[in-house]
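Peer 1: Okay, handing you the structure first.
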Amino acid sequence: MEYILMIIGAVLVNNIILVQFLGICPFLGVSSKVNTALGMGAAVTFVMALATLVTSLLQKYVLVPLGITYLQTILFILVIASLVQMVEIMLKKVSPSLYRALGVFLPLITTNCAVLGVAINVTQQTIIAGHGFSVIDNTLYAVSIAIGFTLAIVIFAGLREQLELVDIPKGMKGVPIALITAGILAMAFMGFANLV
Amino acid sequence: MSNKLNILTRGFFKENPALILVLGCCPTLAVTTSVNNALGMGAATTFVLLLSNILISALKNVIPNKVRIPCYIVIIATFVSMIDLIIQGFLPALSASLGVFIPLIVVNCIVLGRAEAFASKNNVFDSMLDGLGMGIGFTIALVLIGAVREVLGAGSFMGFQFIPSEYNMLIFVLAPGAFIVFGFVMALVRHLVNISEERKKLKKAENNRH
């Protein structure tokens with residue numbers, strides 16, 4: 001039961017884009033078509049789960065025992081960057097079709113603050129009250145956060161496909177109107193605020 | 001001289017990183033609930049931008065081209081860890097309100113973007129000016145958005161309350177307000193920049209005619 005609550009909380013209540021403001025760059029950058037948005041969502045889910053698993057293990061068995069948690073930022077970003085590179089190389093060999101589908105999105109994920117943000121966040125807060133620091137919980141949490149990311153980016157892509165046809169003032173075109181639309185979408189997500 | 005001045009000032013409005021180039025949106029949305037937070041985040045980012053630009057342009061002949069991105073990230077992450085520890089030590093209240101967004105300066109696209117687009121090709125002094133200008137431009141954007149959100153949402157400016165709390169529109173300090181205010185401020189600045197560019201063009205055309 002507590003896991004179901006955690007998933008609902010991560011996907012809807014604390015949606016990473018619309019409530020926590022992480023991963024806005026891909027949200028604005030690649031969300032002009034529903035298909036590309038789905039591809040980005042899949043790539044982020046994959047990398048985020050893997051990155052959180054590895055960084056949580058590092059935090060538990062290397063950084064905390066050695067007392068060098070101040071190196072967290074440097075270590076985590078290096079892990080994520082090399083992980084993305086590794087996933088790219090492996091995917092190219094193992095599953096060329098998936099590699100082609102994800103294509104340009106994979107390298108972009110290194111600079112996606114959502115991945116580093118979640119990796120740092122799970123080391124600072126307990127995911128489920130009473131469980132303490134659990135690598136499995138952290139990874140599950142990362143997967144549900146990534147599902148929330150995909151949900152938001154796909155809904156938004158659907159809206160933006162319509163936005164392109166709207167006649168608006170020149171200064172508003174492009175990103176500004178997209179941001180205002182995102183604001184209204186965020187307002188809709190506020191309705192989930194007290195769900196969990 | 002005017003060339004150097006141009007490097008410094010173009011980041012303020014004409015090539016403002018947040019409002020025109022749309023880089024570093026996450027902190028822009030997340031930490032602009034008040035002017036004080038916006039100033040703190042702007043100063044921290046400027047610090048990182050300035051030092052990473054200086055170091056990267058100084059090392060540009062040493063860093064092999066193929067592994068330049070990881071090298072840049074390590075340099076940036078080092079400065080970010082420094083400012084993170086400084087803020088935690090001297091300004092614990094600011095550290096608590098900015099939270100995870102201080103370590104996230106590492107993945108702020110402005111810093112890596114300037115390293116790649118400017119510092120890796122120019123000399124140390126120009127890179128310093130560029131880092132400073134872009135940092136100030138980012139701070140201007142943050143403070144503009146922070147001021148609108150704080151006045152409308154909390155009825156105060158830099159912590160000074162001047163509208164009674166019954167009349168505050170709470171939505172502006174919450175998530176939707178961030179997106180909407182950012183959108184409108186961006187549209188306004190883009191409109192003003194467009195107008196000034198058009199005026200310059202008109203003036204040029206007139207001068208050519210005489």
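Residues in the structure tokens are numbered from 1 in each chain, the chains being A, B, ... in the order shown, and ligands are numbered from 1 in the order shown.
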Name the residues in contact with Cys109 of chain B at a cut-off of 12 Å, using only C-alpha atoms, excluding same-chain residues fewer than 5 positions from it; report them as a ChimeraX atom specification.
Peer 2: /A:23-26,108-113 /B:17-18,21-28,45,49,73,76,104,114-117,138
Peer 1: Please identify all polymer residues within 10 Å of Ala178 of chain B, counting only C-alpha atoms, omitting same-chain residues fewer than 6 positions from it, and present them as a list in words.
Peer 2: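 Residues near the query, excluding close chain neighbours: Leu18, Phe21, Leu179, Ile180, Ala182, Gly183 and Ala186 of chain A; Thr28, Leu29, Ala30, Val31, Thr32, Thr33, Ile145, Gly146, Val148, Arg149, Ile171 and Phe172 of chain B.
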Peer 1: Name all residues at most 12 Å from Leu85 of chain B (count only C-alpha atoms; drop same-chain ones fewer than 6 positions away) and give them as a list in words.
Peer 2: Thr69, Tyr70, Leu71, Gln72 and Thr73 of chain A; Ala44, Thr78, Phe79, Leu91, Pro92, Leu94, Ser95, Ile102 and Pro103 of chain B
Peer 1: List as a PyMOL selection string the protein and nucleic acid residues near Phe162 of chain B, meaning an atom at most 12 Å away when only C-alpha atoms are counted, but skip any in the same chain fewer than 5 places from it.
Peer 2: chain B and resi 150-157+167-168
Peer 1: Report as JSON lines the residues of chain B within 6 Å of chain A, each with its shortest atom pair and distance in Å (one decimal), using only C-alpha atoms, ordered by chain and increasing residue number.
Peer 2:
{"residue": "B:Cys26", "atom": "CA", "partner": "A:Phe21", "partner_atom": "CA", "distance": 5.5}
{"residue": "B:Ala30", "atom": "CA", "partner": "A:Phe21", "partner_atom": "CA", "distance": 5.8}
{"residue": "B:Ala77", "atom": "CA", "partner": "A:Ile74", "partner_atom": "CA", "distance": 5.2}
{"residue": "B:Val107", "atom": "CA", "partner": "A:Thr111", "partner_atom": "CA", "distance": 5.2}
{"residue": "B:Ala175", "atom": "CA", "partner": "A:Val19", "partner_atom": "CA", "distance": 5.7}
{"residue": "B:Pro176", "atom": "CA", "partner": "A:Gly183", "partner_atom": "CA", "distance": 4.2}
{"residue": "B:Phe179", "atom": "CA", "partner": "A:Gly183", "partner_atom": "CA", "distance": 4.6}
{"residue": "B:Ile180", "atom": "CA", "partner": "A:Ile180", "partner_atom": "CA", "distance": 4.5}
{"residue": "B:Gly183", "atom": "CA", "partner": "A:Pro176", "partner_atom": "CA", "distance": 4.2}
{"residue": "B:Met186", "atom": "CA", "partner": "A:Pro176", "partner_atom": "CA", "distance": 5.9}
{"residue": "B:Ala187", "atom": "CA", "partner": "A:Met172", "partner_atom": "CA", "distance": 5.0}
{"residue": "B:Arg190", "atom": "CA", "partner": "A:Gly171", "partner_atom": "CA", "distance": 5.6}
{"residue": "B:His191", "atom": "CA", "partner": "A:Gly171", "partner_atom": "CA", "distance": 4.8}
Peer 1: Just the selected residues (N, CA, C and O atoms), exported as a tab-separated table (two decimals), in the first residue's frame, please.
Peer 2:
chain	number	residue	atom	x	y	z
B	26	CYS	N	15.24	25.89	-15.16
B	26	CYS	CA	14.79	25.26	-13.91
B	26	CYS	C	14.99	26.18	-12.71
B	26	CYS	O	14.03	26.45	-11.99
B	30	ALA	N	12.19	27.94	-10.25
B	30	ALA	CA	12.07	27.37	-8.91
B	30	ALA	C	12.43	28.36	-7.81
B	30	ALA	O	11.79	28.35	-6.77
B	77	ALA	N	31.78	21.53	-11.72
B	77	ALA	CA	31.30	20.87	-10.50
B	77	ALA	C	32.16	21.25	-9.30
B	77	ALA	O	31.65	21.39	-8.17
B	107	VAL	N	24.41	21.42	-13.75
B	107	VAL	CA	23.74	21.08	-15.01
B	107	VAL	C	22.97	22.27	-15.58
B	107	VAL	O	22.15	22.10	-16.47
B	175	ALA	N	3.56	26.99	-7.98
B	175	ALA	CA	4.12	26.55	-9.26
B	175	ALA	C	3.50	27.23	-10.49
B	175	ALA	O	4.24	27.72	-11.35
B	176	PRO	N	2.15	27.29	-10.63
B	176	PRO	CA	1.60	27.88	-11.86
B	176	PRO	C	2.04	29.32	-12.06
B	176	PRO	O	2.33	29.73	-13.18
B	179	PHE	N	5.41	29.70	-13.89
B	179	PHE	CA	5.36	29.54	-15.35
B	179	PHE	C	4.75	30.77	-16.00
B	179	PHE	O	5.27	31.30	-17.00
B	180	ILE	N	3.62	31.25	-15.43
B	180	ILE	CA	2.89	32.33	-16.08
B	180	ILE	C	3.69	33.63	-16.04
B	180	ILE	O	3.83	34.31	-17.07
B	183	GLY	N	6.59	33.47	-18.42
B	183	GLY	CA	6.10	33.63	-19.79
B	183	GLY	C	5.87	35.08	-20.14
B	183	GLY	O	6.31	35.57	-21.18
B	186	MET	N	9.13	37.15	-20.19
B	186	MET	CA	9.90	36.82	-21.38
B	186	MET	C	9.29	37.50	-22.61
B	186	MET	O	10.01	38.10	-23.43
B	187	ALA	N	7.95	37.46	-22.72
B	187	ALA	CA	7.29	38.09	-23.86
B	187	ALA	C	7.55	39.58	-23.87
B	187	ALA	O	7.85	40.17	-24.92
B	190	ARG	N	11.24	40.29	-24.83
B	190	ARG	CA	11.45	40.02	-26.26
B	190	ARG	C	10.84	41.12	-27.12
B	190	ARG	O	11.42	41.54	-28.12
B	191	HIS	N	9.65	41.58	-26.70
B	191	HIS	CA	8.98	42.65	-27.44
B	191	HIS	C	9.85	43.91	-27.45
B	191	HIS	O	10.06	44.53	-28.49
Peer 1: Can you tell me, as a PyMOL selection string, which residues in segment 16-202 of chain B count as alpha helix (DSSP H) by DSSP?
Peer 2: chain B and resi 25-30+35-58+68-90+92-98+109-114+124-154+175-202
Peer 1: How many Å lie between atom CA of Ile20 of chain B and atom CA of Val48 of chain B, rounded to one decimal?
Peer 2: 20.7 Å
Peer 1: Enter the distance from atom CA of Leu192 of chain B to atom CA of Lys14 of chain B, in Å, rounded to one decimal.
Peer 2: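 Atom CA of Lys14 of chain B lies at a distance of 9.7 Å from atom CA of Leu192 of chain B.
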